[in-house]
Amino acid sequence: MNLTINDLAVFTNGSSNKKPIVFVHGFPLDHFMWDKQVDFLSDDYYCVRYDIRGLGNSPAGDGQFTMESFVDDLESVVVDLKLNKPVLCGLSMGGYISLRALERMQDKFSAVILFDTRSEADANEGKLKRAAGIKRINAEGLAPFTKDFITNCYGEYYKQNYKTEIDKRILKSSQFDPAGVKGSLLAMLGRNDTTGYLNKINIPALVICGEQDVLTPPEVMKSMAEKINGAEFIVIKNSGHLSPVENPGDVNEAVKNFLERI
Ligand code: MLT
């Protein structure tokens with residue numbers, strides 16, 4: 001079902017009587033990145049996805065976003081749909097949103113799955129890179145930025161074997177509202193560091209990383225997982241930063257095993 005909640009484009013699959021999972025996508029993507037997980041899980045779970053404000057079908061408005069406003073948006077979806085303790089599942093920027101949401105309101109969630117993300121805030125070099133990205137979008141339009149950013153997300157295996165899918169993804173993201181993409185860059189640039197909260201997470205946690213992820217490499221994610229009590233850490237082969245897209249078979253298996261245990 002397609003819904004609008006708080007101006008956000010929200011997509012639900014499966015029966016609302018089943019256990020809810022909320023999926024929060026990465027940058028600069030949209031809810032479609034979870035297609036393979038939702039196909040696989042929606043017979044047994046109530047799968048809720050939404051496009052982060054300014055990306056996909058969610059309008060950018062004034063483009064002035066913070067990580068806090070992104071978490072407010074996530075909360076509005078959970079509250080509006082009356083989701084009872086959903087599993088929270090976020091990738092990369094969706095992981096930043098998920099980690100901050102746990103820091104603010106862990107009691108609203110029953111478990112968390114963190115894909116290809118990190119708890120640290122941007123260091124100086126990262127902040128300058130975001131600023132350069134905004135400058136580049138202003139000078140050249142969105143397409144060259146999204147092409148480079150998205151290409152860098154995939155691992156070598158996917159790049160060799162799925163060229164058409166990558167081109168389609170780049171084309172789609174290049175048609176987003178530039179104000180929304182720049183607003184997301186600013187929100188990530190200004191986000192807080194959630195590392196200090198990791199050892200206070202007391203819900204079941206699964207941490208998943210693509211073995212060829214150059215943005216949030218396995219050693220970074222392993223060290224994050226080790227700070228979360230009882231977290232399980234899984235490395236996905238033949239995958240870069242977008243493991244749910246690049247190796248959905250192994251990801252789905254890992255997610256299903258986790259969900260059946262909790
Ligand atoms: C993402 O996949 O959401 C981005 O890589 C996050 C980031 O740029 O930090």
# chains A, B, ... in the order shown; residues from 1 in each chain; ligands from 1
$ residues_around --residues "Ile170 of chain A" --least-positions-apart "2" --cutoff "10 Å" --atoms "only C-alpha atoms" --output "number ranges by chain"
A: 28-29, 143-151, 164-168, 172-175
$ residues_near_ligand --ligand "ligand 1" --cutoff "8 Å" --atoms "only C-alpha atoms and all ligand atoms" --output "PyMOL selection string"
chain A and resi 25-29+91-95+116-117+122+149+153+185+188+215-216+241-242
$ write_last_selection --atoms "C-alpha atoms" --output "PDB file, in the first residue's frame"
ATOM      1  CA  HIS A  25      17.406   3.359   3.156  1.00  0.00           C
ATOM      2  CA  GLY A  26      20.846   4.809   2.399  1.00  0.00           C
ATOM      3  CA  PHE A  27      22.013   7.935   0.572  1.00  0.00           C
ATOM      4  CA  PRO A  28      21.282   8.963  -2.201  1.00  0.00           C
ATOM      5  CA  LEU A  29      18.791   6.145  -2.682  1.00  0.00           C
ATOM      6  CA  LEU A  91      21.594   1.012   5.921  1.00  0.00           C
ATOM      7  CA  SER A  92      24.392   3.582   6.056  1.00  0.00           C
ATOM      8  CA  MET A  93      22.591   6.964   6.337  1.00  0.00           C
ATOM      9  CA  GLY A  94      19.577   4.874   7.362  1.00  0.00           C
ATOM     10  CA  GLY A  95      21.893   3.387   9.997  1.00  0.00           C
ATOM     11  CA  ASP A 116      27.019  -0.941   6.241  1.00  0.00           C
ATOM     12  CA  THR A 117      27.033   2.006   8.639  1.00  0.00           C
ATOM     13  CA  ASP A 122      32.072  12.869  10.238  1.00  0.00           C
ATOM     14  CA  PHE A 149      29.004   8.445  -5.340  1.00  0.00           C
ATOM     15  CA  CYS A 153      29.212   2.121  -3.225  1.00  0.00           C
ATOM     16  CA  LEU A 185      24.605  15.839   2.913  1.00  0.00           C
ATOM     17  CA  MET A 188      25.017  13.798   7.696  1.00  0.00           C
ATOM     18  CA  LEU A 215      32.860   3.307   2.813  1.00  0.00           C
ATOM     19  CA  THR A 216      32.178   1.426   6.042  1.00  0.00           C
ATOM     20  CA  HIS A 241      28.431  -0.997   0.642  1.00  0.00           C
ATOM     21  CA  LEU A 242      24.959  -2.020  -0.556  1.00  0.00           C
TER      22      LEU A 242
END
$ closest_residue --among "A:Lys129, A:Lys159, A:Arg169, A:Lys256" --to "Tyr45 of chain A" --atoms "only C-alpha atoms"
A:Lys256
$ closest_atom_pairs --of "segment 194-233 of chain A" --to "segment 81-90 of chain A" --cutoff "10 Å" --atoms "only C-alpha atoms" --output "JSON lines"
{"residue": "A:Ile203", "atom": "CA", "partner": "A:Val87", "partner_atom": "CA", "distance": 9.7}
{"residue": "A:Pro204", "atom": "CA", "partner": "A:Val87", "partner_atom": "CA", "distance": 9.4}
{"residue": "A:Ala205", "atom": "CA", "partner": "A:Leu88", "partner_atom": "CA", "distance": 9.6}
{"residue": "A:Leu206", "atom": "CA", "partner": "A:Cys89", "partner_atom": "CA", "distance": 9.3}
{"residue": "A:Val207", "atom": "CA", "partner": "A:Cys89", "partner_atom": "CA", "distance": 9.9}
$ closest_residue --among "A:Val245, A:Ser16, A:Glu75, A:Ile52" --to "Tyr162 of chain A" --atoms "only C-alpha atoms"
A:Val245
$ residues_around --residues "Asn13 of chain A" --least-positions-apart "5" --cutoff "10 Å" --atoms "only C-alpha atoms" --output "PyMOL selection string"
chain A and resi 1-2+20+38-39+41-43+45-49
$ closest_residue --among "A:Gln37, A:Asn57, A:Thr12, A:Asn17" --to "Ala254 of chain A" --atoms "only C-alpha atoms"
A:Gln37
$ select_by_dssp --residues "segment 3-199 of chain A" --states "strand (DSSP E)" --output "PyMOL selection string"
chain A and resi 3-5+8-13+19-24+45-50+87-91+111-115
$ write_last_selection --atoms "C-alpha atoms" --output "tab-separated table (two decimals), in the first residue's frame"
chain	number	residue	atom	x	y	z
A	3	LEU	CA	0.59	6.17	1.84
A	4	THR	CA	1.54	9.73	2.65
A	5	ILE	CA	2.47	10.38	6.26
A	8	LEU	CA	6.62	11.37	3.37
A	9	ALA	CA	6.05	8.66	0.76
A	10	VAL	CA	5.45	5.47	2.76
A	11	PHE	CA	5.08	1.94	1.38
A	12	THR	CA	3.72	-1.04	3.27
A	13	ASN	CA	3.73	-4.70	2.29
A	19	LYS	CA	5.47	-8.28	13.36
A	20	PRO	CA	6.50	-4.91	11.87
A	21	ILE	CA	9.88	-4.10	10.35
A	22	VAL	CA	10.76	-0.52	9.38
A	23	PHE	CA	13.39	-0.19	6.67
A	24	VAL	CA	15.42	3.04	6.38
A	45	TYR	CA	6.28	-9.67	8.50
A	46	TYR	CA	4.61	-6.28	8.08
A	47	CYS	CA	7.24	-4.48	6.01
A	48	VAL	CA	7.21	-0.67	6.17
A	49	ARG	CA	9.48	1.44	3.97
A	50	TYR	CA	9.56	5.16	3.33
A	87	VAL	CA	12.34	-4.11	14.21
A	88	LEU	CA	14.40	-1.16	12.98
A	89	CYS	CA	16.54	-1.85	9.93
A	90	GLY	CA	18.80	0.86	8.48
A	91	LEU	CA	21.59	1.01	5.92
A	111	ALA	CA	15.43	-5.17	17.68
A	112	VAL	CA	17.81	-3.47	15.28
A	113	ILE	CA	19.58	-4.50	12.08
A	114	LEU	CA	22.43	-2.21	11.02
A	115	PHE	CA	23.79	-2.53	7.51
$ closest_residue --among "A:Met33, A:Gly180, A:Gly56, A:Ser110" --to "Asn247 of chain A" --atoms "only C-alpha atoms"
A:Met33
$ residues_around --residues "Pro217 of chain A" --least-positions-apart "2" --cutoff "10 Å" --atoms "only C-alpha atoms" --output "list in words"
Asp116, Thr117, Arg118, Cys209, Gly210, Glu211, Gln212, Asp213, Val214, Leu215, Glu219, Val220, Met221, Lys222, Val235, Gly240 and His241 of chain A
$ write_last_selection --atoms "N, CA and C atoms" --output "PDB file, in the first residue's frame"
ATOM      1  N   ASP A 116      26.045  -1.811   6.903  1.00  0.00           N
ATOM      2  CA  ASP A 116      27.019  -0.941   6.241  1.00  0.00           C
ATOM      3  C   ASP A 116      26.923   0.510   6.740  1.00  0.00           C
ATOM      4  N   THR A 117      27.151   0.672   8.031  1.00  0.00           N
ATOM      5  CA  THR A 117      27.033   2.006   8.639  1.00  0.00           C
ATOM      6  C   THR A 117      28.108   2.187   9.698  1.00  0.00           C
ATOM      7  N   ARG A 118      28.099   3.292  10.369  1.00  0.00           N
ATOM      8  CA  ARG A 118      29.067   3.544  11.442  1.00  0.00           C
ATOM      9  C   ARG A 118      28.421   4.454  12.491  1.00  0.00           C
ATOM     10  N   CYS A 209      27.778  -6.375   7.109  1.00  0.00           N
ATOM     11  CA  CYS A 209      28.683  -5.565   6.281  1.00  0.00           C
ATOM     12  C   CYS A 209      29.112  -6.332   5.035  1.00  0.00           C
ATOM     13  N   GLY A 210      29.122  -5.655   3.902  1.00  0.00           N
ATOM     14  CA  GLY A 210      29.649  -6.259   2.685  1.00  0.00           C
ATOM     15  C   GLY A 210      31.164  -6.386   2.786  1.00  0.00           C
ATOM     16  N   GLU A 211      31.698  -7.528   2.353  1.00  0.00           N
ATOM     17  CA  GLU A 211      33.148  -7.745   2.526  1.00  0.00           C
ATOM     18  C   GLU A 211      33.993  -6.747   1.734  1.00  0.00           C
ATOM     19  N   GLN A 212      33.421  -6.178   0.640  1.00  0.00           N
ATOM     20  CA  GLN A 212      34.191  -5.215  -0.171  1.00  0.00           C
ATOM     21  C   GLN A 212      33.712  -3.780   0.058  1.00  0.00           C
ATOM     22  N   ASP A 213      33.088  -3.540   1.195  1.00  0.00           N
ATOM     23  CA  ASP A 213      32.581  -2.185   1.487  1.00  0.00           C
ATOM     24  C   ASP A 213      33.754  -1.253   1.768  1.00  0.00           C
ATOM     25  N   VAL A 214      33.960  -0.244   0.895  1.00  0.00           N
ATOM     26  CA  VAL A 214      35.088   0.684   1.125  1.00  0.00           C
ATOM     27  C   VAL A 214      34.654   1.908   1.946  1.00  0.00           C
ATOM     28  N   LEU A 215      33.340   2.135   2.069  1.00  0.00           N
ATOM     29  CA  LEU A 215      32.860   3.307   2.813  1.00  0.00           C
ATOM     30  C   LEU A 215      32.771   3.014   4.307  1.00  0.00           C
ATOM     31  N   GLU A 219      36.204  -3.961   9.146  1.00  0.00           N
ATOM     32  CA  GLU A 219      36.873  -3.764  10.452  1.00  0.00           C
ATOM     33  C   GLU A 219      36.192  -2.663  11.267  1.00  0.00           C
ATOM     34  N   VAL A 220      35.671  -1.634  10.569  1.00  0.00           N
ATOM     35  CA  VAL A 220      34.957  -0.546  11.259  1.00  0.00           C
ATOM     36  C   VAL A 220      33.654  -1.084  11.853  1.00  0.00           C
ATOM     37  N   MET A 221      32.962  -1.884  11.060  1.00  0.00           N
ATOM     38  CA  MET A 221      31.666  -2.393  11.529  1.00  0.00           C
ATOM     39  C   MET A 221      31.832  -3.450  12.615  1.00  0.00           C
ATOM     40  N   LYS A 222      32.919  -4.222  12.509  1.00  0.00           N
ATOM     41  CA  LYS A 222      33.173  -5.247  13.535  1.00  0.00           C
ATOM     42  C   LYS A 222      33.410  -4.556  14.878  1.00  0.00           C
ATOM     43  N   VAL A 235      29.581 -10.844   7.835  1.00  0.00           N
ATOM     44  CA  VAL A 235      30.174 -10.263   6.623  1.00  0.00           C
ATOM     45  C   VAL A 235      29.558 -10.975   5.417  1.00  0.00           C
ATOM     46  N   GLY A 240      29.686  -4.928  -1.768  1.00  0.00           N
ATOM     47  CA  GLY A 240      30.298  -3.714  -1.276  1.00  0.00           C
ATOM     48  C   GLY A 240      29.421  -3.077  -0.209  1.00  0.00           C
ATOM     49  N   HIS A 241      29.142  -1.786  -0.379  1.00  0.00           N
ATOM     50  CA  HIS A 241      28.431  -0.997   0.642  1.00  0.00           C
ATOM     51  C   HIS A 241      26.922  -1.263   0.638  1.00  0.00           C
TER      52      HIS A 241
END
$ atom_distance --atom1 "atom CA of Gly133 of chain A" --atom2 "atom CA of Lys182 of chain A"
8.1 Å
$ atom_distance --atom1 "atom CA of Ser15 of chain A" --atom2 "atom CA of Asp44 of chain A"
8.2 Å
$ closest_residue --among "A:Gly196, A:Phe176, A:Tyr157, A:Leu171" --to "Asp51 of chain A" --atoms "only C-alpha atoms"
A:Phe176
$ atom_distance --atom1 "atom CA of Ala101 of chain A" --atom2 "atom CA of Asp193 of chain A"
12.4 Å
$ select_by_dssp --residues "segment 170-216 of chain A" --states "alpha helix (DSSP H)" --output "compact mmCIF listing (two decimals) with N, CA and C atoms, in the first residue's frame"
# COMPACT_ATOMS: atom_id res chain seq x y z
N ILE A 170 21.75 4.88 -10.96
CA ILE A 170 22.36 6.21 -11.07
C ILE A 170 21.38 7.18 -11.74
N LEU A 171 20.73 6.69 -12.80
CA LEU A 171 19.80 7.55 -13.53
C LEU A 171 18.67 8.01 -12.61
N LYS A 172 18.12 7.05 -11.84
CA LYS A 172 17.01 7.37 -10.95
C LYS A 172 17.43 8.40 -9.90
N SER A 173 18.55 8.17 -9.26
CA SER A 173 18.99 9.09 -8.20
C SER A 173 19.37 10.46 -8.78
N SER A 174 19.79 10.48 -10.05
CA SER A 174 20.15 11.75 -10.68
C SER A 174 18.92 12.61 -10.93
N PRO A 178 17.78 18.18 -6.33
CA PRO A 178 19.11 18.50 -5.78
C PRO A 178 19.04 19.08 -4.36
N ALA A 179 17.98 19.83 -4.08
CA ALA A 179 17.86 20.43 -2.73
C ALA A 179 17.76 19.33 -1.67
N GLY A 180 17.10 18.23 -2.01
CA GLY A 180 16.96 17.12 -1.06
C GLY A 180 18.28 16.40 -0.86
N VAL A 181 19.03 16.22 -1.92
CA VAL A 181 20.33 15.53 -1.82
C VAL A 181 21.31 16.40 -1.01
N LYS A 182 21.32 17.68 -1.30
CA LYS A 182 22.22 18.57 -0.56
C LYS A 182 21.80 18.66 0.92
N GLY A 183 20.50 18.66 1.15
CA GLY A 183 20.00 18.69 2.53
C GLY A 183 20.44 17.45 3.30
N SER A 184 20.44 16.29 2.62
CA SER A 184 20.90 15.06 3.28
C SER A 184 22.39 15.13 3.60
N LEU A 185 23.16 15.70 2.66
CA LEU A 185 24.61 15.84 2.91
C LEU A 185 24.85 16.70 4.15
N LEU A 186 24.09 17.78 4.27
CA LEU A 186 24.25 18.66 5.43
C LEU A 186 23.83 17.96 6.72
N ALA A 187 22.74 17.18 6.64
CA ALA A 187 22.28 16.46 7.83
C ALA A 187 23.34 15.45 8.29
N MET A 188 23.97 14.77 7.33
CA MET A 188 25.02 13.80 7.70
C MET A 188 26.24 14.52 8.25
N LEU A 189 26.59 15.64 7.62
CA LEU A 189 27.74 16.43 8.07
C LEU A 189 27.57 16.88 9.53
$ closest_residue --among "A:Val251, A:Met105, A:Ile234, A:Met224" --to "Glu120 of chain A" --atoms "only C-alpha atoms"
A:Met224
